[in-house]
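K.L.:
Dropping the structure in here first, questions after.
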Amino acid sequence: MDYENNQNLCNFIAQKIIENPDHRITFADYMDWVLYHPEYGYYTVNQPQFGAAGDFVTSPYLGSDFGEMLAEQFFQMWEILDYPNPFTLVEMGAGQGLLASDILFYLKKQYPEFYSKINYIICEKSAFLKQQQQKQLKNQLNLNLSIQWCDLETLQNEGIKGCFFSNELVDAFPVHQVIVQNRQLQEIYITVDSEDSTDVKFKETIGELSTKNLTDYFKLIEIDLCSPAYVEGYRTEVNLIALDWIKTVASKLNQGFILTIDYGYLAQRYYLPSRCEGTLQCYYQHRHHNDPYINIGKQDLTAHINFTALDRYGEHYNLHSQGFTQQALFLMALGLGDRIATLSQPSEYSISEVLQRRDCLHSLIDPMGLGNFGVLLQSKGLSLSQQQISLKGFNIPV
């Protein structure tokens, strides 16, 4: 594969390694700078493109159905919470604003009373994406709907009644990489292989864990990578930032729900003994591979998320587990199957339009792709009777 690096970014990372007393950095630090460096990072320089023009396709780019199904779920949440005014939707990581636009347009049309009670907040770190979102939502902004942009950390503690939600956000958080050596858990670090300022190269080295939090993480999810079930050299990831994130979200929620949609697994499946090389993936121009040391600053890096860790850590901060399912089942339970069925009926659409729409709908529930995404629902501040109400998206369709 041909590749090119952002040499300014490579030189910055090399300097950080040289300045470190141990002449190494954690993979989490490396991934953080590669993606989020304020001048040279992937999400800064490349002004990320989604859909066919970019490095990845997310559910909102397959039509408005994904957002409309979410809107149906949000309406039921509003009912469960006894119709609060306002009902605050907090979207974390909103891409180019397509999902927000689909949700709001559908609610305005189908549930105008609910729409009039919505306070919509977008938490977005990228200045470029914030501009894209504001452009996308210009029509909604002109309709006197309350839409705000802010940092998650600046929201008032326990100030939100409604729902925090994200789609393909947590997978982009920087991860630590760990490895089993001599029946001990060790950490993978990055050091400089070549200090040539015109062609800096990095290599991996192995050492003791950088933080006790890594040990605590595996105690939390009850996984022992040092047991005989795991082979020597077993390698995987740990997303500690995801735990900080769910703690912060919990602190901002007064009453309502947290809906997390992403690719990932429950702990027992994530840390299968056979998954000995982890889940880290690199995405470059719609191709994926597993070498994070090429296309530095020009490719996306992601890792699957561990939903068990989010669920159990959330319990420490008064979050209640409401359910976990796959995206295909979630969307079918919310009515996507009915939409697929109507395509068999006569309509004003041409055959090619019907086939294209059918492809998009099936892509959302493809068990080898988006349909296999995990959907985690947590709640806070609900009464016992409210907790016992089954949410539509988590009812198994028959």
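Just remember, in the structure tokens the first chain shown is A, the second B, etc., residues are 1-based per chain, and ligands are 1-based in the order shown.
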For Ile13 (chain A), work out the shell of residues within 9 Å, counting only C-alpha atoms and skipping chain neighbours fewer than 3 positions away, then give it as JSON, numbers by chain.
P.N.:
{"A": [8, 9, 10, 16, 17, 18, 25, 30, 33, 34, 192]}
K.L.:
Atoms to include: N, CA and C atoms. Write the selected residues as a PDB file, in the first residue's frame.
P.N.:
ATOM      1  N   ASN A   8       5.141  16.962   9.885  1.00  0.00           N
ATOM      2  CA  ASN A   8       5.083  17.855  11.043  1.00  0.00           C
ATOM      3  C   ASN A   8       4.554  17.121  12.261  1.00  0.00           C
ATOM      4  N   LEU A   9       3.529  16.292  12.039  1.00  0.00           N
ATOM      5  CA  LEU A   9       2.968  15.505  13.139  1.00  0.00           C
ATOM      6  C   LEU A   9       3.968  14.467  13.620  1.00  0.00           C
ATOM      7  N   CYS A  10       4.645  13.805  12.696  1.00  0.00           N
ATOM      8  CA  CYS A  10       5.643  12.805  13.073  1.00  0.00           C
ATOM      9  C   CYS A  10       6.766  13.442  13.900  1.00  0.00           C
ATOM     10  N   LYS A  16       8.093  14.542  21.504  1.00  0.00           N
ATOM     11  CA  LYS A  16       7.461  14.154  22.765  1.00  0.00           C
ATOM     12  C   LYS A  16       8.103  12.884  23.326  1.00  0.00           C
ATOM     13  N   ILE A  17       8.447  11.958  22.458  1.00  0.00           N
ATOM     14  CA  ILE A  17       9.109  10.726  22.898  1.00  0.00           C
ATOM     15  C   ILE A  17      10.493  11.038  23.445  1.00  0.00           C
ATOM     16  N   ILE A  18      11.234  11.882  22.755  1.00  0.00           N
ATOM     17  CA  ILE A  18      12.592  12.237  23.180  1.00  0.00           C
ATOM     18  C   ILE A  18      12.564  12.949  24.525  1.00  0.00           C
ATOM     19  N   ILE A  25       6.157   6.707  24.731  1.00  0.00           N
ATOM     20  CA  ILE A  25       4.811   7.179  25.069  1.00  0.00           C
ATOM     21  C   ILE A  25       3.850   6.004  24.960  1.00  0.00           C
ATOM     22  N   TYR A  30      -0.139   8.305  21.655  1.00  0.00           N
ATOM     23  CA  TYR A  30       0.136   8.320  20.223  1.00  0.00           C
ATOM     24  C   TYR A  30      -1.159   8.494  19.429  1.00  0.00           C
ATOM     25  N   TRP A  33      -2.662  12.067  19.700  1.00  0.00           N
ATOM     26  CA  TRP A  33      -2.009  13.087  18.885  1.00  0.00           C
ATOM     27  C   TRP A  33      -2.246  12.853  17.392  1.00  0.00           C
ATOM     28  N   VAL A  34      -2.233  11.589  16.977  1.00  0.00           N
ATOM     29  CA  VAL A  34      -2.450  11.283  15.564  1.00  0.00           C
ATOM     30  C   VAL A  34      -3.837  11.758  15.112  1.00  0.00           C
ATOM     31  N   VAL A 192      10.962   5.932  19.138  1.00  0.00           N
ATOM     32  CA  VAL A 192      11.451   6.362  17.827  1.00  0.00           C
ATOM     33  C   VAL A 192      12.371   5.299  17.249  1.00  0.00           C
TER      34      VAL A 192
END
K.L.:
Taking only region 81-127 of chain A into account, list the residues labelled helix (DSSP H, G or I) by DSSP (computed from the backbone), as number ranges by chain.
P.N.:
A: 98-110, 112-116, 127
K.L.:
Create the file for the chosen residues now, containing N, CA, C and O atoms and written as a compact mmCIF listing (two decimals), in the first residue's frame.
P.N.:
# COMPACT_ATOMS: atom_id res chain seq x y z
N LEU A 98 -26.28 15.59 9.80
CA LEU A 98 -27.34 14.89 9.08
C LEU A 98 -28.31 14.21 10.03
O LEU A 98 -29.54 14.26 9.83
N LEU A 99 -27.78 13.53 11.05
CA LEU A 99 -28.65 12.79 11.97
C LEU A 99 -29.56 13.76 12.72
O LEU A 99 -30.77 13.50 12.85
N ALA A 100 -29.01 14.85 13.20
CA ALA A 100 -29.83 15.85 13.90
C ALA A 100 -30.93 16.37 12.99
O ALA A 100 -32.09 16.52 13.41
N SER A 101 -30.57 16.66 11.75
CA SER A 101 -31.55 17.17 10.79
C SER A 101 -32.67 16.17 10.54
O SER A 101 -33.86 16.53 10.54
N ASP A 102 -32.31 14.89 10.38
CA ASP A 102 -33.32 13.85 10.14
C ASP A 102 -34.26 13.69 11.33
O ASP A 102 -35.48 13.55 11.18
N ILE A 103 -33.68 13.71 12.54
CA ILE A 103 -34.48 13.56 13.75
C ILE A 103 -35.47 14.71 13.89
O ILE A 103 -36.68 14.51 14.11
N LEU A 104 -34.98 15.92 13.75
CA LEU A 104 -35.81 17.10 13.99
C LEU A 104 -36.88 17.27 12.91
O LEU A 104 -38.03 17.62 13.20
N PHE A 105 -36.52 17.02 11.66
CA PHE A 105 -37.49 17.16 10.58
C PHE A 105 -38.63 16.16 10.76
O PHE A 105 -39.81 16.50 10.57
N TYR A 106 -38.29 14.93 11.16
CA TYR A 106 -39.31 13.90 11.35
C TYR A 106 -40.22 14.24 12.54
O TYR A 106 -41.45 14.10 12.44
N LEU A 107 -39.63 14.69 13.64
CA LEU A 107 -40.44 15.02 14.81
C LEU A 107 -41.36 16.20 14.54
O LEU A 107 -42.50 16.23 15.01
N LYS A 108 -40.88 17.16 13.79
CA LYS A 108 -41.72 18.32 13.45
C LYS A 108 -42.95 17.88 12.66
O LYS A 108 -44.05 18.40 12.86
N LYS A 109 -42.74 16.91 11.78
CA LYS A 109 -43.83 16.43 10.93
C LYS A 109 -44.76 15.47 11.67
O LYS A 109 -45.99 15.58 11.55
N GLN A 110 -44.19 14.52 12.44
CA GLN A 110 -44.99 13.45 13.05
C GLN A 110 -45.47 13.77 14.46
O GLN A 110 -46.56 13.34 14.86
N PRO A 112 -45.57 17.15 16.35
CA PRO A 112 -45.31 18.58 16.50
C PRO A 112 -45.32 19.07 17.94
O PRO A 112 -44.56 19.99 18.29
N GLU A 113 -46.15 18.47 18.79
CA GLU A 113 -46.17 18.92 20.19
C GLU A 113 -44.85 18.57 20.87
O GLU A 113 -44.27 19.40 21.60
N PHE A 114 -44.37 17.36 20.64
CA PHE A 114 -43.08 16.96 21.20
C PHE A 114 -41.96 17.84 20.63
O PHE A 114 -41.09 18.32 21.37
N TYR A 115 -42.01 18.08 19.34
CA TYR A 115 -41.00 18.92 18.67
C TYR A 115 -40.91 20.29 19.34
O TYR A 115 -39.81 20.83 19.55
N SER A 116 -42.05 20.85 19.71
CA SER A 116 -42.07 22.19 20.30
C SER A 116 -41.47 22.22 21.70
O SER A 116 -41.14 23.29 22.22
N ALA A 127 -14.13 22.41 15.23
CA ALA A 127 -14.67 23.67 14.73
C ALA A 127 -15.21 23.52 13.32
O ALA A 127 -16.24 24.10 12.96
K.L.:
Check the smallest atom-to-atom distance from each of A:Gln131, A:His176, A:Phe87, A:Thr342 to Leu214 (chain A) using only C-alpha atoms, then report the winner.
P.N.:
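Smallest separation from Leu214 (chain A) among the options: A:His176.
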K.L.:
Tell me, in Å to one decimal, how far CA of Ile396 (chain A) is from CA of Phe324 (chain A).
P.N.:
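One can read the CA of Ile396 (chain A) to CA of Phe324 (chain A) distance as 11.2 Å.
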K.L.:
Would you write out, as JSON lines, a table of all residues in region 215-282 of chain A that have an atom no more than 7 Å from an atom of region 301-321 of chain A, listing for each the closest atom pair and the distance in Å to one decimal, considering only C-alpha atoms and ordering rows by chain and rising residue number?
P.N.:
{"residue": "A:Ile221", "atom": "CA", "partner": "A:Ala309", "partner_atom": "CA", "distance": 6.0}
{"residue": "A:Leu243", "atom": "CA", "partner": "A:Leu310", "partner_atom": "CA", "distance": 6.3}
{"residue": "A:Ile246", "atom": "CA", "partner": "A:Gly314", "partner_atom": "CA", "distance": 6.4}
{"residue": "A:Lys247", "atom": "CA", "partner": "A:Gly314", "partner_atom": "CA", "distance": 6.5}
{"residue": "A:Ala250", "atom": "CA", "partner": "A:Tyr317", "partner_atom": "CA", "distance": 6.3}
{"residue": "A:Tyr263", "atom": "CA", "partner": "A:His304", "partner_atom": "CA", "distance": 5.5}
{"residue": "A:Gly264", "atom": "CA", "partner": "A:His304", "partner_atom": "CA", "distance": 4.4}
{"residue": "A:Tyr265", "atom": "CA", "partner": "A:Asn306", "partner_atom": "CA", "distance": 5.5}
{"residue": "A:Leu266", "atom": "CA", "partner": "A:Thr308", "partner_atom": "CA", "distance": 5.0}
{"residue": "A:Ala267", "atom": "CA", "partner": "A:Thr308", "partner_atom": "CA", "distance": 5.4}
{"residue": "A:Tyr270", "atom": "CA", "partner": "A:Asn306", "partner_atom": "CA", "distance": 6.6}
{"residue": "A:Thr279", "atom": "CA", "partner": "A:Ala303", "partner_atom": "CA", "distance": 5.4}
{"residue": "A:Leu280", "atom": "CA", "partner": "A:Ala303", "partner_atom": "CA", "distance": 4.4}
{"residue": "A:Gln281", "atom": "CA", "partner": "A:Thr302", "partner_atom": "CA", "distance": 5.4}
{"residue": "A:Cys282", "atom": "CA", "partner": "A:Leu301", "partner_atom": "CA", "distance": 4.6}
K.L.:
List as a list of chain:residue names the protein and nucleic acid residues near Asp193 (chain A), meaning an atom at most 12 Å away when only C-alpha atoms are counted, but skip any in the same chain fewer than 6 places from it.
P.N.:
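Final neighbour list, sorted by chain and number: A:Cys10, A:Ala14, A:Ile17, A:Ile18, A:His23, A:Arg24, A:Asp199, A:Val200, A:Lys201, A:Phe202, A:Lys203, A:Glu204, A:Thr205, A:Tyr293.
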